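Q: Shown below is the structure under consideration.
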Amino acid sequence: MDTTRNPYISVDCVIFGFDGDKLQVLLINRDRKSSNGKTGNRLKLPGDLIIKGEPLDESAQRILKEYTGLENIYLKQFNVFDNPERLSNEENLNWLRKSSGVTDIYRVVTIAYYSLIKLDMSGRTDLSIVYDARWYPVEKIPGLIFDHNEILESGLLNLRKGFLTDPLCFELLPTKFTLNQLQKLYEVILGFELDNRNFRKKINRLEYIIPLNERQTGVNHKPARLYVFDREKYNVLKKAHTGFIV
């Protein structure tokens, strides 16, 4: 396969994960690790110039696999960033020219995707090690290079909108989850607290959230009951409704 990059179009991925308390996003360093094992401190979103002949969705899927080791995970294109000044920083522009091997790059349009993964399924990969990929709380993101802070904010806004219409929460939760975990995730994404009693009443009415005869293990409090999301039942019910059935 010809791996020549198109020097004018890139894909950047906002990869979200939930640790049970905070929403996390995966960031990498711009520079590879040196011989002493250190990288620079120029954080960015995982991304790459697209390969010539490669559809955009395949580029995004490739990037996700390269940095998380995962395939067939939730992925959504949410925006295009085409500001002619997005590469105005000379240092970043020179780095891009050097890393791509193309000296006449002056403008790159990036297509942004966000992805939702279960943190316990994400693994270390060769590229994640080389570029020192780490999870950072969304609420404490430092300054990123290029326009990646803007891309991240746009991705978060689109994720919040999606939470109101689709069952995206189950892409972030463990396969078996507690109602506390589900409520906490909603509060983190939406940015405000929910009434515990009303939330549980609403969830208990949903036929596609199935209670199990299992409880948490290895916790230092009273083990809570576990639940699973029945996607097949959800899809059947959705045919008679519009949007996320809540």
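Each chain in the structure tokens gets a letter, A, B and so on, in the order shown; residues start at 1 in every chain, and ligands are counted from 1 in the order they appear.
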Would you give me, as a VMD selection string, the residues in segment 154-240 of chain A that DSSP reads as alpha helix (DSSP H)?

A: chain A and resid 154 to 163 169 to 172 179 to 190 196 to 204 231 to 238

Q: Those selected residues, please, written with C-alpha atoms and delivered as an mmCIF file, in the first residue's frame.

A:
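Contents of the output file selection_21.cif:
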data_model
loop_
_atom_site.group_PDB
_atom_site.id
_atom_site.type_symbol
_atom_site.label_atom_id
_atom_site.label_comp_id
_atom_site.auth_asym_id
_atom_site.auth_seq_id
_atom_site.Cartn_x
_atom_site.Cartn_y
_atom_site.Cartn_z
ATOM 1 C CA SER A 154 -15.899 21.723 19.757
ATOM 2 C CA GLY A 155 -15.717 17.952 20.224
ATOM 3 C CA LEU A 156 -16.948 18.230 23.808
ATOM 4 C CA LEU A 157 -19.869 20.434 22.752
ATOM 5 C CA ASN A 158 -20.865 17.921 20.086
ATOM 6 C CA LEU A 159 -20.574 15.071 22.587
ATOM 7 C CA ARG A 160 -22.955 16.871 24.959
ATOM 8 C CA LYS A 161 -25.485 17.308 22.168
ATOM 9 C CA GLY A 162 -25.151 13.652 21.206
ATOM 10 C CA PHE A 163 -25.807 12.545 24.796
ATOM 11 C CA CYS A 169 -23.092 6.786 27.634
ATOM 12 C CA PHE A 170 -22.809 3.036 27.115
ATOM 13 C CA GLU A 171 -19.802 3.492 24.827
ATOM 14 C CA LEU A 172 -17.908 4.948 27.807
ATOM 15 C CA LEU A 179 -26.519 3.322 38.416
ATOM 16 C CA ASN A 180 -24.135 5.562 40.335
ATOM 17 C CA GLN A 181 -21.616 5.267 37.514
ATOM 18 C CA LEU A 182 -24.299 6.038 34.944
ATOM 19 C CA GLN A 183 -25.521 9.093 36.850
ATOM 20 C CA LYS A 184 -21.994 10.363 37.445
ATOM 21 C CA LEU A 185 -21.211 10.113 33.740
ATOM 22 C CA TYR A 186 -24.295 12.129 32.827
ATOM 23 C CA GLU A 187 -23.388 14.780 35.390
ATOM 24 C CA VAL A 188 -19.814 15.013 34.097
ATOM 25 C CA ILE A 189 -20.885 15.330 30.467
ATOM 26 C CA LEU A 190 -23.806 17.717 31.013
ATOM 27 C CA ASN A 196 -30.553 11.066 42.533
ATOM 28 C CA ARG A 197 -34.106 9.870 43.245
ATOM 29 C CA ASN A 198 -35.613 11.166 39.996
ATOM 30 C CA PHE A 199 -32.716 9.842 37.946
ATOM 31 C CA ARG A 200 -33.112 6.335 39.338
ATOM 32 C CA LYS A 201 -36.867 6.406 38.779
ATOM 33 C CA LYS A 202 -36.368 7.294 35.133
ATOM 34 C CA ILE A 203 -33.649 4.690 34.577
ATOM 35 C CA ASN A 204 -35.663 1.923 36.230
ATOM 36 C CA ARG A 231 -28.651 -2.634 22.470
ATOM 37 C CA GLU A 232 -30.902 -5.006 20.548
ATOM 38 C CA LYS A 233 -33.892 -4.137 22.710
ATOM 39 C CA TYR A 234 -33.036 -0.451 22.447
ATOM 40 C CA ASN A 235 -33.020 -0.621 18.641
ATOM 41 C CA VAL A 236 -36.391 -2.371 18.602
ATOM 42 C CA LEU A 237 -37.936 0.242 20.873
ATOM 43 C CA LYS A 238 -36.366 3.120 18.966
#

Q: Considering only C-alpha atoms, return as a count of residues only whatever protein or nucleic-acid residues lie within 7 Å of Leu26 of chain A, sequence-local ones (same chain, fewer than 4 positions apart) excluded.

A: 6

Q: Which polymer residues have any atom within 8 Å of an atom of Thr178 of chain A, counting only C-alpha atoms, with same-chain residues fewer than 5 positions away left out, as JSON, numbers by chain?

A: {"A": [224, 225, 226, 227]}

Q: I need the residues of segment 18-153 of chain A that end up classed as strand (DSSP E or B) by DSSP on the backbone, written out as a PDB file with N, CA and C atoms, in the first residue's frame.

A:
ATOM      1  N   PHE A  18     -13.879   7.495  30.148  1.00  0.00           N
ATOM      2  CA  PHE A  18     -14.461   7.839  31.453  1.00  0.00           C
ATOM      3  C   PHE A  18     -13.876   6.907  32.497  1.00  0.00           C
ATOM      4  N   LEU A  23     -14.272  12.749  33.017  1.00  0.00           N
ATOM      5  CA  LEU A  23     -14.121  12.524  31.588  1.00  0.00           C
ATOM      6  C   LEU A  23     -12.664  12.799  31.223  1.00  0.00           C
ATOM      7  N   GLN A  24     -12.047  11.872  30.512  1.00  0.00           N
ATOM      8  CA  GLN A  24     -10.639  11.979  30.150  1.00  0.00           C
ATOM      9  C   GLN A  24     -10.507  12.108  28.634  1.00  0.00           C
ATOM     10  N   VAL A  25      -9.404  12.702  28.185  1.00  0.00           N
ATOM     11  CA  VAL A  25      -9.102  12.783  26.764  1.00  0.00           C
ATOM     12  C   VAL A  25      -7.646  12.377  26.556  1.00  0.00           C
ATOM     13  N   LEU A  26      -7.397  11.664  25.476  1.00  0.00           N
ATOM     14  CA  LEU A  26      -6.053  11.170  25.188  1.00  0.00           C
ATOM     15  C   LEU A  26      -5.261  12.234  24.437  1.00  0.00           C
ATOM     16  N   LEU A  27      -4.098  12.580  24.971  1.00  0.00           N
ATOM     17  CA  LEU A  27      -3.203  13.542  24.335  1.00  0.00           C
ATOM     18  C   LEU A  27      -1.843  12.898  24.100  1.00  0.00           C
ATOM     19  N   ILE A  28      -1.156  13.378  23.077  1.00  0.00           N
ATOM     20  CA  ILE A  28       0.187  12.889  22.789  1.00  0.00           C
ATOM     21  C   ILE A  28       1.146  14.075  22.721  1.00  0.00           C
ATOM     22  N   ASN A  29       2.442  13.777  22.782  1.00  0.00           N
ATOM     23  CA  ASN A  29       3.449  14.803  22.578  1.00  0.00           C
ATOM     24  C   ASN A  29       3.741  14.935  21.093  1.00  0.00           C
ATOM     25  N   LEU A  43       1.915  19.329  23.728  1.00  0.00           N
ATOM     26  CA  LEU A  43       0.812  18.372  23.685  1.00  0.00           C
ATOM     27  C   LEU A  43      -0.149  18.675  22.538  1.00  0.00           C
ATOM     28  N   LYS A  44      -0.736  17.623  21.991  1.00  0.00           N
ATOM     29  CA  LYS A  44      -1.685  17.739  20.899  1.00  0.00           C
ATOM     30  C   LYS A  44      -2.629  16.565  20.899  1.00  0.00           C
ATOM     31  N   GLY A  47      -3.405  12.594  15.709  1.00  0.00           N
ATOM     32  CA  GLY A  47      -3.833  12.905  14.354  1.00  0.00           C
ATOM     33  C   GLY A  47      -2.730  12.625  13.361  1.00  0.00           C
ATOM     34  N   ASP A  48      -3.046  12.820  12.095  1.00  0.00           N
ATOM     35  CA  ASP A  48      -2.071  12.540  11.050  1.00  0.00           C
ATOM     36  C   ASP A  48      -2.587  13.118   9.742  1.00  0.00           C
ATOM     37  N   LEU A  49      -1.663  13.379   8.811  1.00  0.00           N
ATOM     38  CA  LEU A  49      -2.055  13.664   7.442  1.00  0.00           C
ATOM     39  C   LEU A  49      -2.666  12.396   6.860  1.00  0.00           C
ATOM     40  N   ILE A  50      -3.665  12.550   6.017  1.00  0.00           N
ATOM     41  CA  ILE A  50      -4.290  11.363   5.452  1.00  0.00           C
ATOM     42  C   ILE A  50      -3.362  10.729   4.415  1.00  0.00           C
ATOM     43  N   ILE A  51      -3.462   9.435   4.249  1.00  0.00           N
ATOM     44  CA  ILE A  51      -2.720   8.732   3.219  1.00  0.00           C
ATOM     45  C   ILE A  51      -3.445   8.923   1.895  1.00  0.00           C
ATOM     46  N   TYR A  74     -16.819   3.520  18.679  1.00  0.00           N
ATOM     47  CA  TYR A  74     -17.662   4.636  18.257  1.00  0.00           C
ATOM     48  C   TYR A  74     -16.811   5.792  17.732  1.00  0.00           C
ATOM     49  N   LEU A  75     -17.196   6.296  16.564  1.00  0.00           N
ATOM     50  CA  LEU A  75     -16.429   7.342  15.890  1.00  0.00           C
ATOM     51  C   LEU A  75     -17.401   8.255  15.157  1.00  0.00           C
ATOM     52  N   LYS A  76     -17.250   9.567  15.345  1.00  0.00           N
ATOM     53  CA  LYS A  76     -18.161  10.509  14.692  1.00  0.00           C
ATOM     54  C   LYS A  76     -17.388  11.731  14.189  1.00  0.00           C
ATOM     55  N   GLN A  77     -17.580  12.036  12.919  1.00  0.00           N
ATOM     56  CA  GLN A  77     -17.005  13.261  12.362  1.00  0.00           C
ATOM     57  C   GLN A  77     -17.877  14.431  12.815  1.00  0.00           C
ATOM     58  N   PHE A  78     -17.259  15.491  13.365  1.00  0.00           N
ATOM     59  CA  PHE A  78     -18.090  16.550  13.920  1.00  0.00           C
ATOM     60  C   PHE A  78     -17.783  17.952  13.405  1.00  0.00           C
ATOM     61  N   ASN A  79     -16.627  18.167  12.759  1.00  0.00           N
ATOM     62  CA  ASN A  79     -16.345  19.526  12.304  1.00  0.00           C
ATOM     63  C   ASN A  79     -15.148  19.524  11.358  1.00  0.00           C
ATOM     64  N   VAL A  80     -15.021  20.624  10.634  1.00  0.00           N
ATOM     65  CA  VAL A  80     -13.872  20.860   9.764  1.00  0.00           C
ATOM     66  C   VAL A  80     -13.227  22.162  10.216  1.00  0.00           C
ATOM     67  N   PHE A  81     -11.900  22.157  10.339  1.00  0.00           N
ATOM     68  CA  PHE A  81     -11.166  23.339  10.782  1.00  0.00           C
ATOM     69  C   PHE A  81     -10.268  23.798   9.635  1.00  0.00           C
ATOM     70  N   VAL A 109      -6.008  21.696   6.021  1.00  0.00           N
ATOM     71  CA  VAL A 109      -7.385  21.616   6.523  1.00  0.00           C
ATOM     72  C   VAL A 109      -7.509  20.315   7.297  1.00  0.00           C
ATOM     73  N   THR A 110      -8.041  20.386   8.513  1.00  0.00           N
ATOM     74  CA  THR A 110      -8.203  19.163   9.306  1.00  0.00           C
ATOM     75  C   THR A 110      -9.673  18.829   9.514  1.00  0.00           C
ATOM     76  N   ILE A 111      -9.970  17.550   9.417  1.00  0.00           N
ATOM     77  CA  ILE A 111     -11.316  17.031   9.673  1.00  0.00           C
ATOM     78  C   ILE A 111     -11.274  16.380  11.045  1.00  0.00           C
ATOM     79  N   ALA A 112     -12.164  16.807  11.921  1.00  0.00           N
ATOM     80  CA  ALA A 112     -12.127  16.359  13.319  1.00  0.00           C
ATOM     81  C   ALA A 112     -13.181  15.301  13.596  1.00  0.00           C
ATOM     82  N   TYR A 113     -12.779  14.299  14.361  1.00  0.00           N
ATOM     83  CA  TYR A 113     -13.659  13.225  14.811  1.00  0.00           C
ATOM     84  C   TYR A 113     -13.588  13.149  16.335  1.00  0.00           C
ATOM     85  N   TYR A 114     -14.668  12.703  16.955  1.00  0.00           N
ATOM     86  CA  TYR A 114     -14.525  12.294  18.350  1.00  0.00           C
ATOM     87  C   TYR A 114     -14.865  10.812  18.460  1.00  0.00           C
ATOM     88  N   SER A 115     -14.226  10.167  19.408  1.00  0.00           N
ATOM     89  CA  SER A 115     -14.400   8.739  19.617  1.00  0.00           C
ATOM     90  C   SER A 115     -14.610   8.478  21.099  1.00  0.00           C
ATOM     91  N   LEU A 116     -15.386   7.439  21.404  1.00  0.00           N
ATOM     92  CA  LEU A 116     -15.695   7.068  22.780  1.00  0.00           C
ATOM     93  C   LEU A 116     -15.205   5.652  23.026  1.00  0.00           C
ATOM     94  N   ILE A 117     -14.380   5.471  24.055  1.00  0.00           N
ATOM     95  CA  ILE A 117     -13.842   4.143  24.324  1.00  0.00           C
ATOM     96  C   ILE A 117     -13.956   3.810  25.807  1.00  0.00           C
ATOM     97  N   ARG A 134      -1.023   9.959  26.923  1.00  0.00           N
ATOM     98  CA  ARG A 134      -1.544   9.874  28.287  1.00  0.00           C
ATOM     99  C   ARG A 134      -2.959  10.445  28.333  1.00  0.00           C
ATOM    100  N   TRP A 135      -3.709   9.994  29.373  1.00  0.00           N
ATOM    101  CA  TRP A 135      -5.060  10.491  29.583  1.00  0.00           C
ATOM    102  C   TRP A 135      -5.022  11.716  30.500  1.00  0.00           C
ATOM    103  N   TYR A 136      -5.778  12.738  30.124  1.00  0.00           N
ATOM    104  CA  TYR A 136      -5.849  13.981  30.897  1.00  0.00           C
ATOM    105  C   TYR A 136      -7.306  14.316  31.177  1.00  0.00           C
ATOM    106  N   PRO A 137      -7.620  14.774  32.412  1.00  0.00           N
ATOM    107  CA  PRO A 137      -8.996  15.194  32.697  1.00  0.00           C
ATOM    108  C   PRO A 137      -9.396  16.365  31.797  1.00  0.00           C
TER     109      PRO A 137
END

Q: Between atom CA of Thr217 of chain A and atom CA of Gly17 of chain A, what distance in Å does the model show, to one decimal?

A: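 Spanning atom CA of Thr217 of chain A to atom CA of Gly17 of chain A is a straight-line distance of 22.0 Å.
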